[in-house]
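Asker: First, the structure itself, so that you have it in front of you.
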Amino acid sequence: MTNSPPFWREKPLTAMTRAEWESLCDGCGRCCLHKLRDEDTNRLAYTNVACRLLDGESCQCKDYANRKTRVPDCVKLTPKRVVAIDWLPPTCAYRLLAEGKDLPWWHPLVSGRAETVHEAGISVRGRTVAERDAEDFQDHVVAWPGRWPPGAKDRRRAG
């Protein structure tokens, strides 16, 4: 019996099945945070304001199947869009693979457990403000969604 490399190391994003594509999402919820863009400088700022459909505990969409209907500006990621979007967090599997990098130790496809994304400090669990409670989004600008948490990048797969 041979050990084949995992699909994400063998296939380009464009060749993945829908199930493979969907499994790349680590469930961190970072892409579901509102972002602000300065009109003059085009500079991007992340906020800790969660989309109204994001469950802050599970970090999953409450209505994934109907998200585009309920939140019209929700972006459906595709291989073509991934390379063009500058606001995907640096920890995003889609972004990492598009950049030719591998999945980190905490990604559920690597660790075999969905909880490692939370344990590594990647997810938004416990760090968000609900959209309805936020008022001025500019008061909620934070840097952490655009950064790797300390130790999350270099740490190896937990036993």
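Just remember, in the structure tokens the first chain shown is A, the second B, etc., residues are 1-based per chain, and ligands are 1-based in the order shown.
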I'd like the neighbourhood of range 43-52 of chain A as a PyMOL selection string, where a residue qualifies if any of its atoms comes within 10 Å (using only C-alpha atoms), though same-chain residues fewer than 4 positions away should be ignored.
Answerer: chain A and resi 29-39+56+59+61-62+70-71+74+86-87+89+124+127-146
Asker: Running DSSP on the backbone, which parts of chain A land in alpha helix (DSSP H), as a count of residues only?
Answerer: 38
Asker: Choose the residue, out of A:Pro5, A:Pro79, A:Gly151, A:Gly126, that has the smallest atom-to-atom separation from Ala98 in chain A; count only C-alpha atoms.
Answerer: A:Pro79
Asker: Which residue out of A:Ala152, A:Gly100, A:Ser23, A:Ile85 has the minimum interatomic distance to Gly112 in chain A when only C-alpha atoms are used?
Answerer: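 So, comparing all the options, the nearest one is A:Ser23.
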Asker: Can you pull out every residue within 10 Å of Leu109 in chain A, counting only C-alpha atoms, but drop anything in the same chain fewer than 4 positions away, and send it as a PyMOL selection string?
Answerer: chain A and resi 6+8+23-26+103-105+113-114
Asker: Write out as a PyMOL selection string the set of residues from chain A that DSSP, computed on the backbone, places in strand (DSSP E).
Answerer: chain A and resi 33-37+44-50+129-130+141-142
Asker: Could you take the residues named above and write them with all heavy atoms, as a short mmCIF file (atom, residue, chain, number, x, y, z; two decimals), in the first residue's frame?
Answerer:
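Writing done, so here's out.cif:
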data_model
loop_
_atom_site.label_atom_id
_atom_site.label_comp_id
_atom_site.auth_asym_id
_atom_site.auth_seq_id
_atom_site.Cartn_x
_atom_site.Cartn_y
_atom_site.Cartn_z
N LEU A 33 -15.46 38.52 8.69
CA LEU A 33 -15.38 39.79 9.41
C LEU A 33 -15.46 40.92 8.40
O LEU A 33 -14.93 40.81 7.28
CB LEU A 33 -14.07 39.89 10.19
CG LEU A 33 -13.83 38.85 11.26
CD1 LEU A 33 -12.44 39.02 11.87
CD2 LEU A 33 -14.91 38.92 12.34
N HIS A 34 -16.09 42.01 8.79
CA HIS A 34 -16.17 43.17 7.90
C HIS A 34 -14.80 43.81 7.77
O HIS A 34 -14.04 43.87 8.72
CB HIS A 34 -17.18 44.19 8.44
CG HIS A 34 -18.59 43.74 8.29
ND1 HIS A 34 -19.29 43.92 7.11
CD2 HIS A 34 -19.43 43.10 9.13
CE1 HIS A 34 -20.51 43.42 7.25
NE2 HIS A 34 -20.62 42.91 8.48
N LYS A 35 -14.53 44.25 6.54
CA LYS A 35 -13.31 44.95 6.24
C LYS A 35 -13.66 46.35 5.74
O LYS A 35 -14.72 46.55 5.16
CB LYS A 35 -12.51 44.22 5.16
CG LYS A 35 -11.70 43.07 5.67
CD LYS A 35 -12.13 41.69 5.52
CE LYS A 35 -13.01 41.06 4.60
NZ LYS A 35 -13.82 39.98 5.22
N LEU A 36 -12.77 47.28 6.00
CA LEU A 36 -12.95 48.65 5.52
C LEU A 36 -11.81 48.97 4.57
O LEU A 36 -10.68 48.54 4.77
CB LEU A 36 -12.92 49.63 6.70
CG LEU A 36 -13.94 49.39 7.81
CD1 LEU A 36 -13.70 50.34 8.97
CD2 LEU A 36 -15.35 49.52 7.28
N ARG A 37 -12.13 49.74 3.53
CA ARG A 37 -11.10 50.14 2.58
C ARG A 37 -11.12 51.66 2.46
O ARG A 37 -12.16 52.25 2.20
CB ARG A 37 -11.34 49.50 1.22
CG ARG A 37 -10.17 49.75 0.29
CD ARG A 37 -10.18 48.92 -0.95
NE ARG A 37 -10.28 47.50 -0.82
CZ ARG A 37 -9.24 46.67 -0.68
NH1 ARG A 37 -8.02 47.15 -0.60
NH2 ARG A 37 -9.44 45.37 -0.61
N LEU A 44 -6.51 48.59 3.26
CA LEU A 44 -7.47 47.69 3.86
C LEU A 44 -7.32 47.68 5.37
O LEU A 44 -6.20 47.67 5.89
CB LEU A 44 -7.24 46.28 3.32
CG LEU A 44 -8.12 45.17 3.86
CD1 LEU A 44 -9.53 45.32 3.31
CD2 LEU A 44 -7.54 43.82 3.47
N ALA A 45 -8.45 47.68 6.07
CA ALA A 45 -8.46 47.54 7.52
C ALA A 45 -9.45 46.46 7.91
O ALA A 45 -10.59 46.45 7.44
CB ALA A 45 -8.83 48.87 8.19
N TYR A 46 -9.00 45.54 8.75
CA TYR A 46 -9.89 44.50 9.26
C TYR A 46 -10.63 45.03 10.48
O TYR A 46 -10.10 45.87 11.21
CB TYR A 46 -9.09 43.27 9.69
CG TYR A 46 -8.43 42.53 8.56
CD1 TYR A 46 -7.11 42.80 8.19
CD2 TYR A 46 -9.11 41.53 7.87
CE1 TYR A 46 -6.50 42.10 7.16
CE2 TYR A 46 -8.50 40.83 6.85
CZ TYR A 46 -7.20 41.12 6.50
OH TYR A 46 -6.60 40.44 5.48
N THR A 47 -11.82 44.53 10.70
CA THR A 47 -12.55 44.84 11.93
C THR A 47 -12.86 43.53 12.65
O THR A 47 -12.68 42.44 12.09
CB THR A 47 -13.88 45.57 11.66
OG1 THR A 47 -14.84 44.64 11.14
CG2 THR A 47 -13.71 46.75 10.71
N ASN A 48 -13.34 43.65 13.88
CA ASN A 48 -13.78 42.46 14.61
C ASN A 48 -15.30 42.34 14.55
O ASN A 48 -15.89 41.62 15.34
CB ASN A 48 -13.28 42.48 16.05
CG ASN A 48 -13.83 43.63 16.86
OD1 ASN A 48 -14.48 44.53 16.34
ND2 ASN A 48 -13.56 43.61 18.15
N VAL A 49 -15.91 43.02 13.60
CA VAL A 49 -17.36 42.98 13.41
C VAL A 49 -17.71 41.79 12.51
O VAL A 49 -17.27 41.72 11.36
CB VAL A 49 -17.90 44.29 12.80
CG1 VAL A 49 -19.40 44.21 12.61
CG2 VAL A 49 -17.51 45.48 13.67
N ALA A 50 -18.49 40.88 13.06
CA ALA A 50 -18.84 39.66 12.33
C ALA A 50 -20.08 39.86 11.47
O ALA A 50 -21.02 40.56 11.85
CB ALA A 50 -19.10 38.53 13.32
N VAL A 129 -17.62 41.16 17.49
CA VAL A 129 -18.76 41.99 17.88
C VAL A 129 -19.84 41.72 16.83
O VAL A 129 -19.54 41.66 15.63
CB VAL A 129 -18.38 43.49 17.87
CG1 VAL A 129 -19.58 44.37 18.11
CG2 VAL A 129 -17.27 43.76 18.86
N ALA A 130 -21.05 41.56 17.28
CA ALA A 130 -22.15 41.34 16.35
C ALA A 130 -22.40 42.58 15.51
O ALA A 130 -22.32 43.71 16.01
CB ALA A 130 -23.42 40.95 17.12
N VAL A 141 -11.77 48.61 14.32
CA VAL A 141 -10.62 48.20 13.51
C VAL A 141 -9.62 47.47 14.41
O VAL A 141 -9.28 47.94 15.50
CB VAL A 141 -9.96 49.42 12.82
CG1 VAL A 141 -8.64 49.04 12.17
CG2 VAL A 141 -10.92 50.01 11.78
N VAL A 142 -9.18 46.30 13.95
CA VAL A 142 -8.21 45.48 14.67
C VAL A 142 -7.20 44.92 13.67
O VAL A 142 -7.49 44.81 12.48
CB VAL A 142 -8.90 44.31 15.43
CG1 VAL A 142 -9.75 44.84 16.58
CG2 VAL A 142 -9.73 43.46 14.50
#
Asker: Please, what distance in Å, to one decimal, runs between CA of Thr14 in chain A and CA of Lys76 in chain A?
Answerer: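 Separating CA of Thr14 in chain A from CA of Lys76 in chain A is a distance of 14.6 Å.
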Asker: What's the separation between CA of Leu77 in chain A and CA of Lys153 in chain A, in Å to one decimal place?
Answerer: 23.4 Å
Asker: Show me, as an mmCIF file with N, CA, C and O atoms, in the first residue's frame, the residues that have an atom within 8 Å of Thr91 in chain A when counting only C-alpha atoms, minus same-chain residues fewer than 6 positions from it.
Answerer:
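As written to disk, out35.cif reads:
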data_model
loop_
_atom_site.group_PDB
_atom_site.id
_atom_site.type_symbol
_atom_site.label_atom_id
_atom_site.label_comp_id
_atom_site.auth_asym_id
_atom_site.auth_seq_id
_atom_site.Cartn_x
_atom_site.Cartn_y
_atom_site.Cartn_z
ATOM 1 N N ILE A 122 -6.338 30.758 15.665
ATOM 2 C CA ILE A 122 -6.617 31.215 14.304
ATOM 3 C C ILE A 122 -8.042 31.731 14.182
ATOM 4 O O ILE A 122 -8.298 32.727 13.517
ATOM 5 N N ARG A 147 -3.024 38.895 10.588
ATOM 6 C CA ARG A 147 -1.732 38.390 11.071
ATOM 7 C C ARG A 147 -1.825 36.917 11.479
ATOM 8 O O ARG A 147 -2.887 36.430 11.803
ATOM 9 N N TRP A 148 -0.678 36.286 11.500
ATOM 10 C CA TRP A 148 -0.570 34.943 12.060
ATOM 11 C C TRP A 148 -0.448 35.088 13.576
ATOM 12 O O TRP A 148 0.345 35.904 14.047
#
Asker: Find the residues around Phe7 in chain A up to 12 Å (only C-alpha atoms counted), leave out those fewer than 2 positions away in its own chain, and share them as an mmCIF file with all heavy atoms, in the first residue's frame.
Answerer:
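Printed below is around_9.cif as written:
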data_model
loop_
_atom_site.group_PDB
_atom_site.id
_atom_site.type_symbol
_atom_site.label_atom_id
_atom_site.label_comp_id
_atom_site.auth_asym_id
_atom_site.auth_seq_id
_atom_site.Cartn_x
_atom_site.Cartn_y
_atom_site.Cartn_z
ATOM 1 N N ASN A 3 1.415 5.385 0.297
ATOM 2 C CA ASN A 3 0.819 6.571 0.910
ATOM 3 C C ASN A 3 0.843 7.694 -0.109
ATOM 4 O O ASN A 3 1.905 8.235 -0.407
ATOM 5 C CB ASN A 3 1.599 6.989 2.158
ATOM 6 C CG ASN A 3 1.333 6.070 3.325
ATOM 7 O OD1 ASN A 3 0.323 5.381 3.348
ATOM 8 N ND2 ASN A 3 2.228 6.066 4.295
ATOM 9 N N SER A 4 -0.298 8.006 -0.651
ATOM 10 C CA SER A 4 -0.402 9.088 -1.623
ATOM 11 C C SER A 4 -0.391 10.421 -0.895
ATOM 12 O O SER A 4 -0.942 10.539 0.202
ATOM 13 C CB SER A 4 -1.700 8.973 -2.413
ATOM 14 O OG SER A 4 -1.731 7.780 -3.129
ATOM 15 N N PRO A 5 0.193 11.423 -1.524
ATOM 16 C CA PRO A 5 0.134 12.762 -0.921
ATOM 17 C C PRO A 5 -1.320 13.225 -0.851
ATOM 18 O O PRO A 5 -2.153 12.809 -1.660
ATOM 19 C CB PRO A 5 0.928 13.642 -1.894
ATOM 20 C CG PRO A 5 1.688 12.707 -2.759
ATOM 21 C CD PRO A 5 0.954 11.411 -2.767
ATOM 22 N N ARG A 9 -1.921 18.771 -2.148
ATOM 23 C CA ARG A 9 -0.530 18.831 -2.612
ATOM 24 C C ARG A 9 -0.407 18.343 -4.046
ATOM 25 O O ARG A 9 0.593 18.590 -4.698
ATOM 26 C CB ARG A 9 0.370 17.995 -1.703
ATOM 27 C CG ARG A 9 0.566 18.622 -0.352
ATOM 28 C CD ARG A 9 1.611 17.872 0.440
ATOM 29 N NE ARG A 9 1.661 18.360 1.805
ATOM 30 C CZ ARG A 9 1.852 17.593 2.857
ATOM 31 N NH1 ARG A 9 2.039 16.290 2.708
ATOM 32 N NH2 ARG A 9 1.887 18.115 4.063
ATOM 33 N N GLU A 10 -1.402 17.615 -4.511
ATOM 34 C CA GLU A 10 -1.356 17.045 -5.863
ATOM 35 C C GLU A 10 -2.137 17.840 -6.896
ATOM 36 O O GLU A 10 -1.782 17.842 -8.062
ATOM 37 C CB GLU A 10 -1.922 15.619 -5.844
ATOM 38 C CG GLU A 10 -1.028 14.621 -5.167
ATOM 39 C CD GLU A 10 -1.490 13.197 -5.410
ATOM 40 O OE1 GLU A 10 -2.698 12.930 -5.317
ATOM 41 O OE2 GLU A 10 -0.623 12.374 -5.709
ATOM 42 N N LYS A 11 -3.214 18.465 -6.466
ATOM 43 C CA LYS A 11 -4.115 19.129 -7.406
ATOM 44 C C LYS A 11 -4.036 20.647 -7.295
ATOM 45 O O LYS A 11 -3.994 21.190 -6.203
ATOM 46 C CB LYS A 11 -5.568 18.741 -7.123
ATOM 47 C CG LYS A 11 -5.915 17.319 -7.384
ATOM 48 C CD LYS A 11 -7.405 17.111 -7.112
ATOM 49 C CE LYS A 11 -7.853 15.722 -7.404
ATOM 50 N NZ LYS A 11 -9.309 15.580 -7.196
ATOM 51 N N PRO A 12 -4.094 21.321 -8.434
ATOM 52 C CA PRO A 12 -4.265 22.772 -8.362
ATOM 53 C C PRO A 12 -5.699 23.078 -7.907
ATOM 54 O O PRO A 12 -6.592 22.231 -8.026
ATOM 55 C CB PRO A 12 -4.023 23.236 -9.797
ATOM 56 C CG PRO A 12 -4.283 22.033 -10.639
ATOM 57 C CD PRO A 12 -3.980 20.827 -9.803
ATOM 58 N N LEU A 13 -5.915 24.254 -7.396
ATOM 59 C CA LEU A 13 -7.248 24.641 -6.936
ATOM 60 C C LEU A 13 -8.301 24.432 -8.018
ATOM 61 O O LEU A 13 -9.419 24.010 -7.726
ATOM 62 C CB LEU A 13 -7.250 26.101 -6.475
ATOM 63 C CG LEU A 13 -6.429 26.423 -5.234
ATOM 64 C CD1 LEU A 13 -6.398 27.936 -4.997
ATOM 65 C CD2 LEU A 13 -6.954 25.692 -4.011
ATOM 66 N N ALA A 15 -8.566 22.169 -10.204
ATOM 67 C CA ALA A 15 -8.877 20.771 -10.496
ATOM 68 C C ALA A 15 -9.594 20.066 -9.348
ATOM 69 O O ALA A 15 -9.950 18.890 -9.467
ATOM 70 C CB ALA A 15 -7.592 20.020 -10.831
ATOM 71 N N MET A 16 -9.820 20.755 -8.271
ATOM 72 C CA MET A 16 -10.440 20.127 -7.105
ATOM 73 C C MET A 16 -11.941 19.930 -7.298
ATOM 74 O O MET A 16 -12.604 20.734 -7.958
ATOM 75 C CB MET A 16 -10.197 20.977 -5.855
ATOM 76 C CG MET A 16 -8.770 20.965 -5.424
ATOM 77 S SD MET A 16 -8.523 21.900 -3.917
ATOM 78 C CE MET A 16 -6.736 21.813 -3.796
ATOM 79 N N THR A 17 -12.435 18.859 -6.697
ATOM 80 C CA THR A 17 -13.875 18.630 -6.692
ATOM 81 C C THR A 17 -14.509 19.641 -5.740
ATOM 82 O O THR A 17 -13.818 20.276 -4.928
ATOM 83 C CB THR A 17 -14.214 17.212 -6.193
ATOM 84 O OG1 THR A 17 -13.844 17.116 -4.817
ATOM 85 C CG2 THR A 17 -13.521 16.144 -7.027
ATOM 86 N N ALA A 19 -16.298 18.993 -3.158
ATOM 87 C CA ALA A 19 -16.077 18.520 -1.788
ATOM 88 C C ALA A 19 -14.654 18.844 -1.325
ATOM 89 O O ALA A 19 -14.454 19.273 -0.181
ATOM 90 C CB ALA A 19 -16.342 17.023 -1.693
ATOM 91 N N GLU A 20 -13.676 18.650 -2.192
ATOM 92 C CA GLU A 20 -12.295 18.987 -1.837
ATOM 93 C C GLU A 20 -12.168 20.492 -1.590
ATOM 94 O O GLU A 20 -11.550 20.924 -0.607
ATOM 95 C CB GLU A 20 -11.342 18.541 -2.948
ATOM 96 C CG GLU A 20 -11.179 17.044 -3.039
ATOM 97 C CD GLU A 20 -10.461 16.594 -4.293
ATOM 98 O OE1 GLU A 20 -10.447 17.344 -5.312
ATOM 99 O OE2 GLU A 20 -9.943 15.463 -4.281
ATOM 100 N N TRP A 21 -12.741 21.276 -2.493
ATOM 101 C CA TRP A 21 -12.697 22.739 -2.359
ATOM 102 C C TRP A 21 -13.301 23.179 -1.028
ATOM 103 O O TRP A 21 -12.700 23.945 -0.287
ATOM 104 C CB TRP A 21 -13.427 23.379 -3.538
ATOM 105 C CG TRP A 21 -13.506 24.870 -3.453
ATOM 106 C CD1 TRP A 21 -14.547 25.605 -2.955
ATOM 107 C CD2 TRP A 21 -12.499 25.813 -3.829
ATOM 108 N NE1 TRP A 21 -14.257 26.948 -3.013
ATOM 109 C CE2 TRP A 21 -13.001 27.100 -3.543
ATOM 110 C CE3 TRP A 21 -11.234 25.689 -4.382
ATOM 111 C CZ2 TRP A 21 -12.273 28.257 -3.791
ATOM 112 C CZ3 TRP A 21 -10.510 26.844 -4.641
ATOM 113 C CH2 TRP A 21 -11.032 28.106 -4.345
ATOM 114 N N SER A 23 -13.707 21.511 1.662
ATOM 115 C CA SER A 23 -12.957 21.018 2.818
ATOM 116 C C SER A 23 -11.734 21.864 3.120
ATOM 117 O O SER A 23 -11.164 21.765 4.213
ATOM 118 C CB SER A 23 -12.539 19.556 2.616
ATOM 119 O OG SER A 23 -11.491 19.433 1.679
ATOM 120 N N LEU A 24 -11.315 22.708 2.191
ATOM 121 C CA LEU A 24 -10.174 23.589 2.434
ATOM 122 C C LEU A 24 -10.495 24.682 3.456
ATOM 123 O O LEU A 24 -9.592 25.186 4.125
ATOM 124 C CB LEU A 24 -9.696 24.239 1.136
ATOM 125 C CG LEU A 24 -9.052 23.309 0.127
ATOM 126 C CD1 LEU A 24 -8.695 24.082 -1.134
ATOM 127 C CD2 LEU A 24 -7.843 22.601 0.717
ATOM 128 N N LEU A 97 -2.597 27.987 -0.508
ATOM 129 C CA LEU A 97 -2.398 27.086 -1.646
ATOM 130 C C LEU A 97 -2.217 27.855 -2.948
ATOM 131 O O LEU A 97 -1.401 27.469 -3.787
ATOM 132 C CB LEU A 97 -3.554 26.095 -1.745
ATOM 133 C CG LEU A 97 -3.650 25.093 -0.577
ATOM 134 C CD1 LEU A 97 -4.881 24.213 -0.734
ATOM 135 C CD2 LEU A 97 -2.387 24.274 -0.433
ATOM 136 N N ASP A 102 1.928 25.250 1.769
ATOM 137 C CA ASP A 102 1.211 24.080 2.272
ATOM 138 C C ASP A 102 0.265 24.497 3.388
ATOM 139 O O ASP A 102 0.339 25.625 3.907
ATOM 140 C CB ASP A 102 2.205 23.040 2.798
ATOM 141 C CG ASP A 102 1.622 21.631 2.868
ATOM 142 O OD1 ASP A 102 0.442 21.429 2.507
ATOM 143 O OD2 ASP A 102 2.366 20.719 3.281
ATOM 144 N N LEU A 103 -0.602 23.572 3.761
ATOM 145 C CA LEU A 103 -1.503 23.824 4.881
ATOM 146 C C LEU A 103 -0.737 23.689 6.189
ATOM 147 O O LEU A 103 0.112 22.811 6.327
ATOM 148 C CB LEU A 103 -2.673 22.827 4.857
ATOM 149 C CG LEU A 103 -3.582 22.881 3.635
ATOM 150 C CD1 LEU A 103 -4.710 21.858 3.784
ATOM 151 C CD2 LEU A 103 -4.150 24.272 3.438
ATOM 152 N N LEU A 109 -7.669 19.470 7.971
ATOM 153 C CA LEU A 109 -7.260 18.414 7.041
ATOM 154 C C LEU A 109 -5.909 17.817 7.434
ATOM 155 O O LEU A 109 -5.622 16.662 7.113
ATOM 156 C CB LEU A 109 -7.195 18.945 5.604
ATOM 157 C CG LEU A 109 -8.530 19.230 4.934
ATOM 158 C CD1 LEU A 109 -8.308 19.898 3.579
ATOM 159 C CD2 LEU A 109 -9.359 17.962 4.788
ATOM 160 N N VAL A 110 -5.089 18.596 8.110
ATOM 161 C CA VAL A 110 -3.778 18.117 8.546
ATOM 162 C C VAL A 110 -3.869 17.483 9.929
ATOM 163 O O VAL A 110 -3.367 16.388 10.158
ATOM 164 C CB VAL A 110 -2.745 19.273 8.554
ATOM 165 C CG1 VAL A 110 -1.395 18.806 9.086
ATOM 166 C CG2 VAL A 110 -2.598 19.866 7.153
#
Asker: What gap, in Å, lies between CA of Cys28 in chain A and CA of Val117 in chain A?
Answerer: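 Between these atoms lies a distance of 6.4 Å.
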